[in-house]
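Reading through the structure tokens given below for one structure.
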Amino acid sequence: MVVAKAWILKKHFDGFPKTSDFDLKKIELPDLKDGELLLESVFLSVDPYMRPYSRRYMKEGDIMIGTQVARIVESKNPTFAVGAFVVGNKGWRTHFISDGKDLQLLPSNWPESLPKSLALGTVGMPGLTAYFGLLEVCKMKPGETVLVNAAAGAVGSVVGQLAKIGGCKVVGCAGSDDKVAYLKKIGFDEAFNYKTVKSLDEALSKASPDGYDCFFDNVGGEFACVAINQMKKYGRIAVCGAISQYNDSVPQKGPYLQLPMILKELQMEGFIVSRWNHRREEGLQALLKWVVEGKVKYHEQVTEGFENMPVAFMGMLKGENLGKAVVKV
Ligand SMILES: NC(=O)C1=CN([C@@H]2O[C@H](COP(=O)(O)OP(=O)(O)OC[C@H]3O[C@@H](n4cnc5c(N)ncnc54)[C@H](OP(=O)(O)O)[C@@H]3O)[C@@H](O)[C@H]2O)C=CC1
Ligand SMILES: CCCCC/C=C\CC(=O)/C=C/C=C/C=C/[C@@H](O)CCCC(=O)O
């Protein structure tokens with residue numbers, strides 16, 4: 001019999017998550033029925049959405065939400081071979097049983113040399129977020145200037161590189177000097193540490209004196225308020241995330257943005273990547289091609305050990321990750 005380990009949300013997060021909010025539990029898995037598969041998680045993803053979504057979609061005692069790259073270890077389903085790798089959305093657990101309907105096989109042309117963990121990052125949900133957010137929400141055009149924050153993270157690092165491929169000038173902001181150096185290495189035109197600049201307003205206007213056509217906002221809050229005042233006329237703002245607000249117990253207040261929105265005739269649109277699930281294959285193939293060609297570079301922050309899931313999650317929320325934060329079981 002297989003005994004799976006799973007991380008439970010013991011207590012709803014109040015402010016920043018704490019170790020005591022999580023509990024590690026063992027679950028005995030039954031024998032497989034016809035049509036079923038047994039899978040073991042190989043890499044698990046820790047993502048910002050888990051913080052706000054836990055409050056809305058989970059109750060205390062539930063297994064933490066999340067995705068994994070998993071290997072099929074036993075199969076009673078002729079469509080799925082033992083040894084194949086899939087992306088699952090089964091939460092923080094080491095093993096699980098599935099009938100295969102809710103699993104995504106890795107693209108069949110996935111090169112052997114490419115880490116399979118990228119299916120949780122650059123060639124997975126975060127990469128797709130960058131791809132559709134830039135193309136469909138920002139509607140970037142060659143020659144434009146694109147601003148992205150949390151730029152050295154899973155989504156932001158792809159946003160900047162896709163904007164360069166699309167012929168734009170790219171400005172990125174991140175929370176450490178090492179992250180800034182990484183952004184310059186992967187082709188950002190301008191990058192700065194938003195935590196150490198004297199004035200965010202001045203740093204943004206120095207990086208692009210004419211302002212910004214597109215703003216891919218991963219952070220929200222005060223950063224977004226300052227940046228929106230530096231948009232060009234008819235600029236587009238993709239509201240992708242608001243990580244600066246996810247741990248707030250008391251909602252942040254203004255400043256309010258109606259005046260620059262009116263004056264510059266801006267468009268601001270929130271989105272969730274699953275809007276383009278019907279184009280998932282297109283997005284994954286485009287990202288995979290660019291990665292294989294070396295046009296999109298990647299970095300992963302790999303935490304070893306399933307027991308360290310909460311540590312990896314809290315570390316990512318604190319900004320300890322360069323590139324995509326994943327856990328290797
Ligand atoms: N709309 C959608 O469908 C999706 C939205 N998202 C959103 O995109 C954003 C980035 O996600 P992802 O790339 O996975 O995560 P990242 O890999 O970028 O990791 C999170 C990063 O956020 C930054 N950060 C944390 N706290 C703050 C803060 N208070 N102020 C500013 N920056 C902060 C840190 O970088 P730093 O050191 O630079 O501060 C940290 O490394 C998130 O807001 C997420 O919710 C992600 C996927 C899908
Ligand atoms: C409840 C308030 C929500 C506020 C906005 C919070 C977060 C935005 C965000 O980060 C959204 C992310 C959505 C991710 C969805 C992932 C799943 O569908 C799993 C997808 C699996 C895969 O495609 O690989």
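Residue names in the structure tokens use chain letters A, B, ... in the order shown, residue numbers from 1 in each chain, and ligand numbers from 1 in the order shown.
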Legend entry - Distance query stretch 37-51 of chain A at most 8 Å, only C-alpha atoms, self and fewer than 2 positions along chain excluded, as an NGL selection string: :A and (13 or 32 or 35 or 53-55 or 64-77 or 80 or 92-100 or 117 or 120 or 243 or 246-247 or 309 or 312-313 or 316-317 or 325-329)
Please produce, as a tab-separated table, a per-residue contact table for chain A versus ligand 1 (criterion: any atom at most 7 Å away, only C-alpha atoms and all ligand atoms considered), showing the nearest atom pair and its distance in Å to one decimal, sorted by chain then residue number.
residue	atom	partner	partner_atom_place_in_ligand_line	distance
A:Asp47	CA	ligand 1	14 (O)	5.0
A:Pro48	CA	ligand 1	45 (O)	4.7
A:Tyr49	CA	ligand 1	45 (O)	4.7
A:Met125	CA	ligand 1	47 (C)	6.6
A:Pro126	CA	ligand 1	47 (C)	5.0
A:Thr129	CA	ligand 1	48 (C)	5.3
A:Asn149	CA	ligand 1	38 (O)	6.8
A:Ala150	CA	ligand 1	38 (O)	4.1
A:Ala151	CA	ligand 1	38 (O)	6.2
A:Ala152	CA	ligand 1	38 (O)	6.2
A:Gly153	CA	ligand 1	18 (O)	3.3
A:Ala154	CA	ligand 1	13 (O)	3.6
A:Val155	CA	ligand 1	13 (O)	3.7
A:Gly156	CA	ligand 1	13 (O)	5.7
A:Cys173	CA	ligand 1	38 (O)	6.6
A:Ala174	CA	ligand 1	38 (O)	3.4
A:Gly175	CA	ligand 1	37 (O)	3.4
A:Ser176	CA	ligand 1	37 (O)	5.8
A:Asn218	CA	ligand 1	9 (C)	4.2
A:Val219	CA	ligand 1	31 (C)	5.2
A:Cys240	CA	ligand 1	1 (N)	4.1
A:Gly241	CA	ligand 1	43 (O)	3.2
A:Ala242	CA	ligand 1	43 (O)	4.6
A:Ile243	CA	ligand 1	43 (O)	4.2
A:Ser244	CA	ligand 1	29 (N)	3.5
A:Gln245	CA	ligand 1	29 (N)	6.8
A:Phe271	CA	ligand 1	1 (N)	5.1
A:Ile272	CA	ligand 1	3 (O)	3.3
A:Val273	CA	ligand 1	3 (O)	3.7
A:Ser274	CA	ligand 1	3 (O)	6.6
A:Met316	CA	ligand 1	41 (O)	5.3
A:Leu317	CA	ligand 1	25 (C)	4.9
A:Lys318	CA	ligand 1	25 (C)	5.3
A:Gly319	CA	ligand 1	41 (O)	3.3
A:Glu320	CA	ligand 1	41 (O)	5.7
A:Asn321	CA	ligand 1	41 (O)	5.0
A:Leu322	CA	ligand 1	41 (O)	6.6
A:Gly323	CA	ligand 1	17 (O)	5.5
A:Lys324	CA	ligand 1	17 (O)	5.0
A:Ala325	CA	ligand 1	17 (O)	6.2
Inset, instruction - Using DSSP on the backbone coordinates, identify all residues within stretch 188-260 of chain A classified as helix (DSSP H, G or I); present the result as a PyMOL selection string. - result: chain A and resi 200-207+221-228+243-245+258-260
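Distance annotation: of A:Val2, A:Leu128, A:Cys138, A:Ile8, the residue with the minimal separation from ligand 2 is A:Leu128; atom set is only C-alpha atoms and all ligand atoms.
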